[in-house]
Structure formats: C-alpha cells, structure tokens
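Q: This is query.txt, which holds compact mmCIF, C-alpha atoms:
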# COMPACT_ATOMS: atom_id res chain seq x y z
CA MET S 1 23.40 14.75 -34.75
CA ASN S 2 21.00 14.95 -37.68
CA GLU S 3 21.54 11.60 -39.28
CA TYR S 4 17.97 11.09 -40.58
CA SER S 5 16.90 14.31 -42.31
CA THR S 6 18.06 17.87 -42.38
CA HIS S 7 15.00 18.97 -40.46
CA THR S 8 14.44 16.20 -37.89
CA GLU S 9 16.18 18.01 -35.03
CA LEU S 10 14.16 21.14 -35.72
CA LEU S 11 10.92 19.14 -35.85
CA ILE S 12 11.62 17.40 -32.54
CA ARG S 13 12.49 20.69 -30.87
CA LEU S 14 9.22 22.08 -32.27
CA LEU S 15 7.39 19.07 -30.87
CA ASP S 16 9.02 19.64 -27.47
CA GLY S 17 8.19 23.38 -27.48
CA GLU S 18 11.86 24.40 -27.41
CA LEU S 19 11.96 26.80 -30.38
CA ASN S 20 12.28 30.54 -30.07
CA GLU S 21 10.06 32.86 -32.07
CA ASN S 22 12.29 32.99 -35.16
CA GLU S 23 12.94 29.24 -35.17
CA LEU S 24 9.22 28.60 -34.76
CA ALA S 25 8.35 30.74 -37.76
CA ALA S 26 11.07 29.04 -39.84
CA ALA S 27 9.84 25.57 -38.81
CA LYS S 28 6.24 26.37 -39.69
CA LYS S 29 7.34 27.69 -43.09
CA ILE S 30 9.34 24.54 -43.85
CA ILE S 31 6.46 22.30 -42.82
CA ALA S 32 3.97 24.26 -44.91
CA GLU S 33 6.19 24.20 -48.02
CA ASN S 34 7.53 20.66 -47.82
CA PRO S 35 5.05 17.70 -47.79
CA SER S 36 7.69 15.15 -46.80
CA VAL S 37 8.75 17.28 -43.83
CA ARG S 38 5.08 17.74 -42.91
CA GLU S 39 4.59 13.98 -43.05
CA GLU S 40 7.65 13.41 -40.88
CA PHE S 41 6.36 15.96 -38.34
CA GLU S 42 2.93 14.29 -38.26
CA ASN S 43 4.55 10.91 -37.71
CA LEU S 44 6.68 12.35 -34.90
CA GLN S 45 3.49 13.69 -33.29
CA ILE S 46 1.96 10.22 -33.59
CA ALA S 47 5.10 8.74 -32.01
CA LYS S 48 4.91 11.22 -29.12
CA ASN S 49 1.23 10.43 -28.57
CA ALA S 50 1.99 6.71 -28.71
CA VAL S 51 4.54 7.16 -25.91
CA HIS S 52 1.94 8.98 -23.83
CA THR S 53 -0.69 6.32 -24.48
CA TYR S 54 1.82 3.60 -23.60
CA GLY S 55 2.60 5.37 -20.33
CA LEU S 56 -1.06 5.65 -19.52
CA LYS S 57 -1.59 1.99 -20.37
CA THR S 58 1.29 1.02 -18.06
CA THR S 59 -0.13 3.19 -15.25
CA ILE S 60 -3.59 1.63 -15.66
CA GLY S 61 -1.97 -1.82 -15.69
CA SER S 62 -0.23 -1.28 -12.37
CA ILE S 63 -3.36 0.20 -10.76
CA HIS S 64 -5.31 -2.72 -12.22
CA LYS S 65 -3.22 -5.28 -10.30
CA GLU S 66 -3.67 -3.38 -7.07
CA MET S 67 -7.41 -2.94 -7.57
CA MET S 68 -8.01 -6.56 -8.53
CA GLN S 69 -6.53 -7.60 -5.19
CA GLU S 70 -8.93 -5.23 -3.45
CA ILE S 71 -11.98 -6.19 -5.52
CA LYS S 72 -11.38 -9.95 -5.50
CA SER S 73 -10.68 -10.07 -1.79
CA PRO S 74 -13.76 -11.69 -0.21
CA ALA S 75 -14.08 -9.08 2.48
CA THR S 76 -12.83 -5.64 1.62
CA GLY S 77 -12.84 -2.27 3.29
CA LEU S 78 -16.11 -1.62 5.07
CA THR S 79 -17.26 -5.20 4.52
CA ARG S 80 -14.16 -6.48 6.32
CA LYS S 81 -14.76 -4.13 9.22
CA ILE S 82 -18.42 -5.16 9.47
CA PHE S 83 -17.37 -8.82 9.29
CA HIS S 84 -14.81 -8.36 12.08
CA TYR S 85 -17.24 -6.39 14.24
CA GLY S 86 -19.87 -9.04 13.56
CA LEU S 87 -17.49 -11.77 14.68
CA ARG S 88 -16.67 -9.86 17.86
CA ILE S 89 -20.34 -9.29 18.64
CA ALA S 90 -21.09 -12.96 17.95
CA ALA S 91 -18.21 -14.00 20.24
CA VAL S 92 -19.45 -11.67 23.00
CA LEU S 93 -23.00 -13.01 22.62
CA ILE S 94 -21.77 -16.61 22.77
CA VAL S 95 -19.78 -15.84 25.94
CA LEU S 96 -22.77 -14.02 27.48
CA PHE S 97 -25.07 -16.88 26.52
CA GLY S 98 -22.64 -19.37 28.03
CA LEU S 99 -22.26 -17.34 31.23
CA SER S 100 -26.02 -16.98 31.46
CA ALA S 101 -26.45 -20.75 31.06
CA VAL S 102 -23.82 -21.44 33.72
CA TYR S 103 -25.46 -18.91 36.04
CA GLN S 104 -28.87 -20.47 35.51
CA TYR S 105 -27.45 -23.93 36.15
CA LEU S 106 -25.58 -22.95 39.29
CA THR S 107 -28.43 -20.93 40.76
CA ALA S 108 -31.19 -23.43 39.94
CA THR S 109 -33.41 -23.91 43.00
CA PRO S 110 -36.71 -25.84 43.21
CA GLU S 111 -38.62 -22.61 43.97
CA LYS S 112 -37.04 -20.82 41.03
CA LEU S 113 -37.69 -23.73 38.68
CA PHE S 114 -41.29 -23.84 39.87
CA SER S 115 -41.95 -20.12 39.38
CA GLU S 116 -40.31 -20.18 35.94
CA ASN S 117 -42.37 -23.12 34.72
CA PHE S 118 -45.73 -22.96 36.43
CA HIS S 119 -48.63 -21.76 34.32
CA ALA S 120 -52.16 -22.08 35.66
CA TYR S 121 -54.15 -24.92 34.15
CA GLU S 122 -56.67 -23.85 31.52
CA LEU S 123 -60.00 -25.48 32.03
CA HIS S 124 -61.37 -27.07 28.83
CA LYS S 125 -65.14 -27.22 28.96
CA THR S 126 -66.63 -30.32 27.40
CA ARG S 127 -69.30 -29.50 24.84
CA GLY S 128 -72.83 -30.20 26.11
CA SER S 129 -71.73 -30.74 29.70
CA SER S 130 -72.80 -28.47 32.56
CA ASN S 131 -70.28 -26.96 34.98
CA THR S 132 -69.90 -28.09 38.55
CA THR S 133 -69.67 -25.41 41.24
CA LEU S 134 -65.89 -25.85 41.47
CA GLU S 135 -65.54 -25.50 37.71
CA ASP S 136 -67.53 -22.24 37.81
CA LEU S 137 -65.37 -20.91 40.63
CA TYR S 138 -62.18 -21.92 38.78
CA GLU S 139 -63.36 -20.19 35.62
CA GLU S 140 -64.25 -17.08 37.60
CA GLY S 141 -60.82 -17.13 39.21
CA ASP S 142 -62.28 -17.39 42.71
CA LEU S 143 -59.61 -19.79 43.89
CA ASN S 144 -60.10 -19.21 47.61
CA GLY S 145 -63.83 -19.80 47.19
CA LEU S 146 -63.01 -22.99 45.26
CA ILE S 147 -60.70 -24.19 48.04
CA GLN S 148 -63.37 -23.47 50.68
CA GLN S 149 -65.95 -25.48 48.71
CA TYR S 150 -63.46 -28.31 48.16
CA ASP S 151 -62.66 -28.50 51.88
CA GLN S 152 -66.37 -29.02 52.61
CA LEU S 153 -66.69 -31.95 50.19
CA LYS S 154 -66.77 -35.28 51.98
CA SER S 155 -66.25 -37.37 48.82
CA PRO S 156 -64.67 -35.19 46.16
CA GLU S 157 -64.50 -36.55 42.65
CA ALA S 158 -61.36 -36.73 40.54
CA LYS S 159 -62.11 -33.42 38.81
CA ASP S 160 -62.69 -31.70 42.17
CA CYS S 161 -59.29 -32.84 43.41
CA PHE S 162 -57.63 -31.72 40.20
CA LEU S 163 -59.18 -28.25 40.33
CA ALA S 164 -58.40 -27.91 44.01
CA GLY S 165 -54.79 -28.96 43.38
CA ASN S 166 -54.43 -26.26 40.75
CA ALA S 167 -56.10 -23.68 42.98
CA TYR S 168 -53.61 -24.52 45.74
CA LEU S 169 -50.70 -24.30 43.31
CA SER S 170 -51.85 -20.92 42.00
CA THR S 171 -52.09 -19.60 45.56
CA HIS S 172 -48.64 -20.98 46.46
CA ARG S 173 -49.86 -23.69 48.80
CA SER S 174 -47.80 -26.49 47.31
CA SER S 175 -48.16 -29.00 50.14
CA ASN S 176 -51.96 -28.76 49.87
CA ALA S 177 -51.65 -29.13 46.11
CA ILE S 178 -49.61 -32.32 46.58
CA GLU S 179 -52.29 -33.63 48.89
CA ALA S 180 -55.08 -32.88 46.37
CA PHE S 181 -53.20 -34.41 43.43
CA THR S 182 -52.18 -37.57 45.31
CA ARG S 183 -55.80 -37.90 46.47
CA LEU S 184 -56.82 -37.83 42.79
CA GLU S 185 -54.26 -40.54 42.03
CA ARG S 186 -55.72 -42.69 44.82
CA ILE S 187 -59.25 -42.19 43.47
CA ASN S 188 -58.11 -43.28 40.01
CA LYS S 189 -56.32 -46.27 41.46
CA THR S 190 -59.30 -47.32 43.59
CA ASN S 191 -61.78 -46.90 40.77
CA ASN S 192 -59.38 -48.10 38.10
CA THR S 193 -59.89 -44.87 36.17
CA HIS S 194 -57.48 -42.52 34.43
CA PHE S 195 -59.00 -39.08 34.99
CA PHE S 196 -56.44 -36.28 34.47
CA GLU S 197 -53.74 -38.90 34.76
CA GLU S 198 -51.11 -37.20 32.55
CA ASP S 199 -52.05 -33.68 33.70
CA VAL S 200 -51.67 -34.66 37.30
CA GLU S 201 -48.17 -36.09 36.69
CA TYR S 202 -46.99 -32.72 35.49
CA PHE S 203 -48.75 -30.58 38.09
CA LEU S 204 -47.83 -32.93 40.92
CA ALA S 205 -44.18 -32.72 39.81
CA LEU S 206 -44.44 -28.92 39.81
CA SER S 207 -46.04 -29.08 43.24
CA TYR S 208 -43.04 -31.02 44.55
CA LEU S 209 -40.76 -28.33 43.13
CA GLY S 210 -42.88 -25.63 44.74
CA ASN S 211 -42.68 -27.56 47.98
CA ASN S 212 -38.90 -27.75 47.75
CA GLU S 213 -38.86 -31.50 47.10
CA PRO S 214 -36.96 -31.77 43.80
CA ALA S 215 -35.97 -35.41 44.39
CA LYS S 216 -39.66 -36.37 44.26
CA ALA S 217 -40.31 -34.17 41.23
CA LEU S 218 -37.38 -35.59 39.22
CA PRO S 219 -38.75 -39.11 38.41
CA LEU S 220 -42.08 -37.61 37.30
CA PHE S 221 -40.38 -35.09 35.01
CA GLU S 222 -38.07 -37.80 33.66
CA LYS S 223 -41.09 -39.95 32.82
CA ILE S 224 -42.73 -37.03 30.97
CA HIS S 225 -39.49 -36.20 29.15
CA SER S 226 -38.99 -39.78 27.99
CA ASP S 227 -42.52 -40.07 26.58
CA PRO S 228 -42.84 -38.07 23.32
CA ASN S 229 -46.61 -38.60 23.32
CA HIS S 230 -47.06 -37.10 26.76
CA PRO S 231 -49.07 -33.83 26.47
CA PHE S 232 -46.49 -32.03 28.63
CA ASN S 233 -43.44 -33.56 26.92
CA SER S 234 -42.46 -30.31 25.21
CA ALA S 235 -42.57 -28.48 28.57
CA VAL S 236 -39.81 -30.70 29.98
CA SER S 237 -36.56 -30.10 28.12
CA SER S 238 -33.21 -31.77 28.76
CA TRP S 239 -31.88 -28.44 30.05
CA PHE S 240 -34.81 -28.22 32.51
CA LEU S 241 -34.08 -31.77 33.72
CA LEU S 242 -30.41 -30.90 34.13
CA LYS S 243 -31.28 -27.94 36.34
CA ILE S 244 -33.61 -30.12 38.45
CA LYS S 245 -30.80 -32.66 38.87
CA ARG S 246 -28.51 -29.83 39.94
CA SER S 247 -31.06 -28.66 42.52
CA VAL S 248 -31.42 -32.25 43.76
CA SER S 249 -27.66 -32.55 44.17
CA VAL S 250 -27.35 -29.39 46.25
CA HIS S 251 -30.53 -29.94 48.19
CA MET R 252 -8.12 7.14 2.04
CA LYS R 253 -10.65 6.29 -0.69
CA MET R 254 -11.66 9.37 -2.68
CA GLU R 255 -15.16 10.04 -3.94
CA PHE R 256 -15.74 11.93 -7.21
CA THR R 257 -18.59 13.72 -8.88
CA ASP R 258 -18.78 13.27 -12.65
CA ALA R 259 -17.29 16.74 -13.16
CA GLY R 260 -14.49 16.08 -10.67
CA LEU R 261 -13.76 12.72 -12.24
CA ILE R 262 -13.55 14.18 -15.74
CA GLN R 263 -11.26 16.96 -14.54
CA ALA R 264 -8.97 14.52 -12.71
CA LEU R 265 -8.70 12.13 -15.66
CA ARG R 266 -8.21 14.92 -18.19
CA SER R 267 -5.38 16.60 -16.31
CA ASP R 268 -1.75 15.63 -16.86
CA ALA R 269 -1.26 15.25 -13.12
CA LYS R 270 -1.38 11.62 -12.00
CA PRO R 271 -4.95 10.38 -12.38
CA ASP R 272 -4.40 7.36 -10.08
CA ALA R 273 -7.12 8.19 -7.51
CA ALA R 274 -9.69 8.77 -10.27
CA ILE R 275 -8.77 5.47 -11.96
CA ARG R 276 -9.10 3.62 -8.64
CA TYR R 277 -12.51 5.22 -8.20
CA LEU R 278 -13.55 3.91 -11.65
CA TYR R 279 -12.47 0.42 -10.63
CA ARG R 280 -14.48 0.56 -7.42
CA THR R 281 -17.62 1.89 -9.06
CA GLN R 282 -17.57 0.45 -12.59
CA PHE R 283 -15.56 -2.74 -12.76
CA ARG R 284 -18.27 -5.03 -11.40
CA ILE R 285 -20.81 -3.62 -13.86
CA THR R 286 -18.49 -4.26 -16.80
CA ALA R 287 -17.47 -7.69 -15.50
CA SER R 288 -21.10 -8.67 -15.00
CA TYR R 289 -22.01 -7.67 -18.58
CA ILE R 290 -19.03 -9.48 -20.09
CA ARG R 291 -19.57 -12.65 -18.10
CA GLN R 292 -23.21 -12.70 -19.15
CA ASN R 293 -22.09 -12.40 -22.77
CA SER R 294 -19.70 -15.27 -23.36
CA GLY R 295 -16.76 -13.67 -21.54
CA THR R 296 -14.61 -14.66 -18.61
CA ILE R 297 -13.39 -12.60 -15.67
CA GLU R 298 -10.00 -12.38 -17.42
CA ASP R 299 -11.74 -10.93 -20.50
CA ALA R 300 -13.45 -8.41 -18.23
CA GLU R 301 -10.12 -7.39 -16.70
CA ASP R 302 -8.53 -6.84 -20.13
CA ILE R 303 -11.52 -4.99 -21.52
CA PHE R 304 -11.87 -2.75 -18.48
CA GLN R 305 -8.27 -1.60 -18.80
CA GLU R 306 -8.94 -0.72 -22.41
CA VAL R 307 -12.15 1.07 -21.47
CA ILE R 308 -10.31 3.31 -19.02
CA LEU R 309 -7.53 4.01 -21.52
CA VAL R 310 -9.98 4.87 -24.28
CA PHE R 311 -12.12 6.98 -21.92
CA ILE R 312 -9.13 9.06 -20.79
CA GLU R 313 -8.09 9.61 -24.40
CA ILE R 314 -11.64 10.68 -25.29
CA LEU R 315 -11.55 13.17 -22.41
CA LYS R 316 -8.15 14.53 -23.39
CA LYS R 317 -9.38 15.08 -26.94
CA ASP R 318 -12.54 16.79 -25.63
CA LYS R 319 -14.65 14.21 -27.42
CA PHE R 320 -16.87 13.47 -24.39
CA ARG R 321 -20.03 15.42 -24.99
CA GLY R 322 -21.47 14.89 -21.54
CA GLU R 323 -24.87 13.79 -22.90
CA SER R 324 -24.94 10.97 -20.38
CA SER R 325 -23.41 10.26 -17.00
CA VAL R 326 -19.87 8.91 -16.87
CA SER R 327 -21.27 5.61 -15.63
CA THR R 328 -23.70 5.25 -18.54
CA PHE R 329 -21.01 6.23 -21.03
CA LEU R 330 -18.53 3.73 -19.60
CA TYR R 331 -21.15 0.99 -19.71
CA ALA R 332 -21.82 1.74 -23.40
CA LEU R 333 -18.09 1.85 -24.03
CA SER R 334 -17.50 -1.47 -22.27
CA ARG R 335 -20.37 -3.10 -24.11
CA ASN R 336 -19.21 -1.92 -27.52
CA ILE R 337 -15.55 -2.72 -26.96
CA TRP R 338 -16.50 -6.19 -25.78
CA LEU R 339 -18.81 -6.82 -28.72
CA ASN R 340 -16.09 -5.54 -31.03
CA GLU R 341 -13.69 -8.00 -29.40
CA LEU R 342 -16.19 -10.83 -29.84
CA ASN R 343 -16.54 -9.93 -33.49
CA LYS R 344 -12.79 -10.06 -33.84
CA ARG R 345 -12.75 -13.48 -32.29
CA ASP R 346 -15.50 -14.39 -34.73
CA LYS R 347 -16.97 -16.93 -32.37
CA SER R 348 -20.31 -17.15 -34.10
CA LYS R 349 -22.41 -15.51 -36.77
CA LYS R 350 -25.22 -15.03 -34.29
CA ARG R 351 -23.05 -12.76 -32.27
CA ASP R 352 -22.15 -10.70 -35.34
CA LYS R 353 -25.82 -10.10 -35.82
CA LYS R 354 -26.26 -9.14 -32.18
CA PHE R 355 -23.40 -6.68 -32.40
CA GLU R 356 -25.01 -4.95 -35.35
CA ILE R 357 -28.28 -4.66 -33.45
CA GLU R 358 -26.66 -3.26 -30.35
CA LYS R 359 -24.51 -0.89 -32.32
CA GLY R 360 -27.59 0.49 -33.97
CA THR R 361 -29.51 0.97 -30.77
CA THR R 362 -26.87 2.64 -28.64
CA ASP R 363 -27.66 6.29 -28.04
CA LEU R 364 -24.07 7.18 -27.32
CA ASP R 365 -21.45 7.82 -29.96
CA VAL R 366 -18.69 5.45 -29.05
CA SER R 367 -17.78 4.50 -32.63
CA HIS R 368 -14.83 6.88 -32.47
CA ALA R 369 -13.60 5.01 -29.42
CA ILE R 370 -13.88 1.66 -31.17
CA ALA R 371 -11.77 2.97 -34.08
CA ASN R 372 -9.23 4.36 -31.62
CA ARG R 373 -9.05 1.03 -29.89
CA GLU R 374 -7.81 -0.74 -33.01
CA ILE R 375 -5.23 1.96 -33.66
CA ASN R 376 -4.05 1.93 -30.06
CA ILE R 377 -3.49 -1.81 -30.20
CA GLN R 378 -1.24 -1.42 -33.25
CA LEU R 379 0.61 1.56 -31.77
CA MET R 380 1.25 -0.33 -28.55
CA GLU R 381 2.70 -3.18 -30.61
CA GLN R 382 5.19 -0.71 -32.09
CA MET R 383 6.05 0.55 -28.60
CA ASP R 384 6.63 -3.02 -27.44
CA LYS R 385 9.06 -3.51 -30.33
CA LEU R 386 11.05 -0.47 -29.28
CA GLY R 387 13.96 -1.37 -26.99
CA GLU R 388 13.54 -1.08 -23.23
CA THR R 389 16.11 1.73 -22.93
CA CYS R 390 14.30 3.80 -25.54
CA ARG R 391 10.93 3.16 -23.91
CA LYS R 392 12.26 4.27 -20.53
CA ILE R 393 13.80 7.49 -21.81
CA LEU R 394 10.79 8.45 -23.95
CA LEU R 395 8.32 7.65 -21.14
CA ALA R 396 10.39 9.66 -18.67
CA PHE R 397 10.40 12.70 -20.96
CA TYR R 398 7.00 12.62 -22.65
CA PHE R 399 4.78 10.83 -20.08
CA GLU R 400 6.33 11.63 -16.74
CA SER R 401 7.47 15.10 -17.90
CA MET R 402 10.88 14.65 -16.30
CA SER R 403 13.61 17.19 -17.11
CA MET R 404 16.83 16.11 -18.83
CA ARG R 405 18.65 16.47 -15.51
CA GLU R 406 16.13 14.23 -13.72
CA ILE R 407 16.41 11.61 -16.48
CA LEU R 408 20.21 11.83 -16.27
CA THR R 409 20.05 10.99 -12.54
CA SER R 410 17.29 8.44 -12.83
CA LEU R 411 18.76 6.43 -15.73
CA ASN R 412 22.48 6.94 -14.96
CA TYR R 413 23.64 8.77 -18.11
CA GLU R 414 26.96 10.63 -18.36
CA ASN R 415 25.59 14.08 -19.10
CA GLU R 416 22.51 15.89 -20.34
CA GLN R 417 23.69 15.98 -23.95
CA VAL R 418 23.94 12.19 -24.02
CA VAL R 419 20.39 11.98 -22.72
CA ARG R 420 19.21 14.54 -25.28
CA ASN R 421 20.87 12.61 -28.15
CA LYS R 422 19.48 9.33 -26.95
CA LYS R 423 15.97 10.73 -26.66
CA TYR R 424 16.26 12.20 -30.15
CA LYS R 425 17.37 8.86 -31.64
CA CYS R 426 14.67 6.91 -29.81
CA LEU R 427 11.85 9.18 -30.94
CA LYS R 428 13.10 9.11 -34.51
CA GLN R 429 13.35 5.33 -34.35
CA LEU R 430 9.75 5.12 -33.23
CA GLU R 431 8.68 7.56 -35.95
CA ILE R 432 10.36 5.35 -38.58
CA MET R 433 8.63 2.25 -37.21
CA ILE R 434 5.27 3.99 -37.35
CA ALA R 435 5.95 5.39 -40.85
CA GLY R 436 6.62 1.78 -41.88
CA GLN R 437 2.95 1.01 -41.14
CA PRO R 438 1.19 3.10 -43.82
CA THR R 439 -2.23 1.58 -43.12
CA LEU R 440 -1.90 2.44 -39.45
CA VAL R 441 -0.86 6.02 -40.24
CA LYS R 442 -3.72 6.37 -42.71
CA ASN R 443 -6.27 5.09 -40.20
CA LEU R 444 -4.84 7.29 -37.51
CA LYS R 445 -5.13 10.42 -39.61
CA SER R 446 -8.68 9.49 -40.58
CA VAL R 447 -9.87 9.48 -36.96
CA LEU R 448 -8.09 12.68 -35.95
Here is the file; what I need is its structure written in the form of structure tokens.
A:
Amino acid sequence: MNEYSTHTELLIRLLDGELNENELAAAKKIIAENPSVREEFENLQIAKNAVHTYGLKTTIGSIHKEMMQEIKSPATGLTRKIFHYGLRIAAVLIVLFGLSAVYQYLTATPEKLFSENFHAYELHKTRGSSNTTLEDLYEEGDLNGLIQQYDQLKSPEAKDCFLAGNAYLSTHRSSNAIEAFTRLERINKTNNTHFFEEDVEYFLALSYLGNNEPAKALPLFEKIHSDPNHPFNSAVSSWFLLKIKRSVSVH
Amino acid sequence: MKMEFTDAGLIQALRSDAKPDAAIRYLYRTQFRITASYIRQNSGTIEDAEDIFQEVILVFIEILKKDKFRGESSVSTFLYALSRNIWLNELNKRDKSKKRDKKFEIEKGTTDLDVSHAIANREINIQLMEQMDKLGETCRKILLAFYFESMSMREILTSLNYENEQVVRNKKYKCLKQLEIMIAGQPTLVKNLKSVL
C-alpha cells in the first residue's frame, strides 16, 4: 500500500485520528526527528484542510443559487404575502365601489338627488350696500319670517324672489320655490335684466328635483354641465346627470 | 421556516461542523444587499457582488473556525469590512486604475478591523481550490465524503458503489497523497500558507 514513502500510511492514519497510544507516540517521534516526514505531514494537513474548504465552498455555492432566486424575486416572502393581500383588498374595494355605484344608479330618485345636492345659498353682501329686510331675515336664518314678508310684497324685486325661492327650498316647499324662481325669470325677461340668472338656473333645477319633476330639471342641469364657465358647472358631474336621466326614465 | 440568529448564535452555528446551511441563508438575507450595494457603487456589477459574497462567507467561516474573530465589532460590521476589503483587493488585482490603488491604500489604513489575515487567506484559498479542481472527480468525491461530510467507510462504500471497505480506504489514501503531492509542487503556496498559520 505504501508506494510513496515508508511513513505516509502512518501519517494519514495520524491525520485521521486512527492511531493507538503506542502508534501515536511512534508517529510523533518520527515527525520530530525527520524534517522530510514533518514536511510531508504538514502538506497532508494542508491537503485535508483544502478538502474541507472545497466542501464548504461547494455548500455555499449551492445555497447561493437558492438564495439568489429568493433575493432576486421581485416579491418575496412577506412582501409577496402583502402584495397578494393588497391585490385582494383592492379587488374587494373595486367590487364594493362598483356595487355602490350600481346601487346609487338604480336607486336614484329626484328627492334623493335633491337632498344629496342641495346646499343653502350663501348670501354675498355687496360692499357699501345696505341690507333689505329680506336680506337681514335670510342672514339671521329666519326663513319663515322672510317668506311671510315676501308674501306681503306686491311688487317684489328680483333679489326678493331669489331669497324667497331659497327660503322655500330650505324649508322643503319646492313648488313655492319654483314659483319664486320663475317669477324672478319673468322679471328679468320683462326688464331685460340678468339678476341672479345663473344662480337661478341651478336652484330652479334643484327645485324641480325637490318637486319630483326630474324631466324639467334635466335640461337645466345639462345646460350647466355643458358650460364650463357656469359658476355651478363643477356641481353638475356626468355621473349626477346620469342619475337624473335614470330617475327621468323610471318616473 | 426562516431562522433568526443573534450574533452569538450565528457564530456558534457557523463554527460548528454540523451543517451551517440555515446560518448561511440568514447571512444572505441580512448581508447580501449591503455587500451588493457597496460593490455596485464601487465599479462592480451584481455578478461581482455574488462572487465576492460567496468568498466573504467562506473566509468568515474559516476565521471563526480558527478562532480569529475577536468580536470587537458586530458580525454585520465585520462582514461589511470584509466585503469592502476583499472587493478592493479584487479591484487591485484587476488593476483597473491607479486611482483605485490609491483608494484601496486609504481604506486599508482607516479600517478599524483586522481583516488583513482574511485577505491573505483569500489568495491562498484561490490557489488551493485550483489544486482541488485539478484533482479528478472520483478523488474529490471520496475525499469530500470522508473529510467534509464525515461519512464512514461503510457509508462511502454504499454511496459511491465500491466493492469493499478496503478498496475505499486504499482509494482515499491514494487521493489524499495525490493532493499532497500537487500542493507540495507549489512551494510558494506552501510557504505562504505556513506564514499565515
């Protein structure tokens, strides 16, 4: 077996921890006394260590491939779970949003559209001007008092009609509001004036909705929607128009 | 299941002869991006980072096994210093530019961690691995089975389909001696190796 040196087998058995006590002592003695044997033993130790390092390198190499797949994957581990949960939540939200839109569309009624979109008119006081009685009452929120005063006026002005119309709308008397707003339109037409012209279009349209007359409200809202310069243009969305059309169709 | 390690647990797992796979995976998850980021910011590619990181882990495990890790810094800080120095050493080898040589010298002087031993080991390891690659596949398998995987002669006999244990023993003997002769034929390598021991 020993075809390299007389001591190689002994040295390898020493390296592998296979020597008994006597053999171990003999091996140590030979190594200590013989430099060439010592050198051979040191080189065998290096060879053994090289094998171990090579094994470790191979192990790291195989783990490396596996880990690169994990690391380079765009969504890994927790991230992937979060991404999937996120997608599910987004899908659920989209479905809920869609169902909500369908529900709103199918259940659109003139009264509902009115109550969702009516906001009381805010009176803008003109600098330097003095308030009329109706303006004072409107500012104070005394809408019934305003309506009483308005009813006593024999020749109300445009502003009186406008305030009265809004007071009627705020107190859910839509037919009276329609009357007040159309009276204002007649005054403007007769006098060739344009007082509250654009405001009245919007509030008259709302009054028609409140009075369950969506077919009359629709052309007014369509006019406002088609005019980007109209002060109430942003209040009339395509979706709002669609719901009015739906309520017209089922009315 | 992904394992978490403290520094002490990590050192123990990597130092032991039992399979350190979970600890190595942990190093990949916690350290690879840091190393890759540094290398890519310093003239390297992602492929360079992959090669260097494998070397870093190998060198780190060997440092631990030789009890050369003094624990003066966290494992993460030490690995970063190791990665940085191994990469700069690699750049120097590639000799891409004189500017970089200068940078390496500056960084080497400012590092507070002694990784010079690791850099020397790296060069020796590369040469040793070349010798291992030159060894035949059969010899590599039998030596790895015995010295790395700590398999018994009987297990190797079954695993590699030898006739009997004596044949395996003889083959292992011849393979180790062959490797020893190859290494002895590289006197500079042996000299360098003994100087860093």
Q: Rounded to one decimal, what separation in Å do you get between CA of Phe203 in chain S and CA of Phe181 in chain S?
A: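 Computed distance, CA of Phe203 in chain S to CA of Phe181 in chain S, equals 7.9 Å.
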Q: Would you kindly report the residues of chain R within 8 Å of chain S, using all atoms listed in the file, as a list in words?
A: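 In the required form, that comes to Asp272, Ile275, Arg276, Tyr279, Arg280, Gln305, Ile308, Leu309, Asn376, Leu379, Met380, Met383, Arg391, Leu394, Leu395, Tyr398, Phe399, Asn421, Tyr424, Leu427, Lys428, Leu430, Glu431, Ile434, Ala435 and Val441 of chain R.
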Q: Could you state the separation of CA of Val366 in chain R and CA of Leu333 in chain R in Å, given to one decimal place?
A: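 We find that CA of Val366 in chain R and CA of Leu333 in chain R lie 6.2 Å from each other.
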Q: Once 5 Å is added on each side, what are the centre and the three edge lengths, in Å to one decimal, of the axis-aligned box enclosing the listed atoms of range 98-114 of chain S? Present them as lines of an AutoDock Vina configuration file.
A:
center_x = -31.8
center_y = -21.4
center_z = 36.0
size_x = 29.0
size_y = 18.9
size_z = 25.9
Q: Which of these, R:Ile285, R:Ile312, R:Ala300, R:Val326, has the shortest distance to Ala259 in chain R once you count only C-alpha atoms?
A: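 Checking each candidate against Ala259 in chain R, we get R:Val326 as the closest.
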Q: Counting all atoms listed in the file, find residues at most 10 Å from (-50.1, -35.8, 44.6) (file frame) and give them as a list in words.
A: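 The residues near that point, listed by chain and number, are Cys161, Phe162, Gly165, Ser174, Ser175, Asn176, Ala177, Ile178, Glu179, Ala180, Phe181, Thr182, Arg183, Leu184, Glu185, Arg186, Val200, Glu201, Phe203, Leu204, Ala205, Ser207 and Tyr208 of chain S.
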Q: One decimal, in Å: what's the spacing between CA of Ile393 in chain R and CA of Pro438 in chain R?
A: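 Interatomic distance, CA of Ile393 in chain R to CA of Pro438 in chain R: 25.7 Å.
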Q: Would you mind telling me which residue in R:Ile337, R:Phe256, R:Lys442, R:Ala371 lies nearest to Tyr289 in chain R when using all atoms listed in the file?
A: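 Once distances to Tyr289 in chain R are computed over all atoms listed in the file, the minimum belongs to R:Ile337.
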Q: Out of R:Arg284, R:Arg373, R:Lys344, R:Lys319, which residue has the shortest atom-to-atom distance to Leu444 in chain R when counting only C-alpha atoms?
A: R:Arg373
Q: If we draw a sphere of 9 Å around (-67.7, -29.6, 39.4), which residues have at least one atom in it when counting only C-alpha atoms? Please report them as JSON, numbers by chain.
A: {"S": [130, 131, 132, 133, 134, 135, 136, 157, 159, 160, 163]}
Q: Using all atoms listed in the file, determine which residues lie at most 9 Å from Asp299 in chain R, disregarding the query and same-chain residues fewer than 6 positions distant; provide the list as a PyMOL selection string.
A: chain R and resi 287+290-291+338
Q: Could you check the closest approach to Asp302 in chain R for each of R:Glu341, R:Val418, R:Cys390, R:Leu315 and tell me which residue wins, using all atoms listed in the file?
A: R:Glu341
Q: Taking all atoms listed in the file into account, name the residue in S:Gly98, S:Gly17, S:Gly210, S:Pro228 that is nearest to Glu116 in chain S.
A: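 Of the candidates, the smallest distance to Glu116 in chain S is held by S:Gly210.
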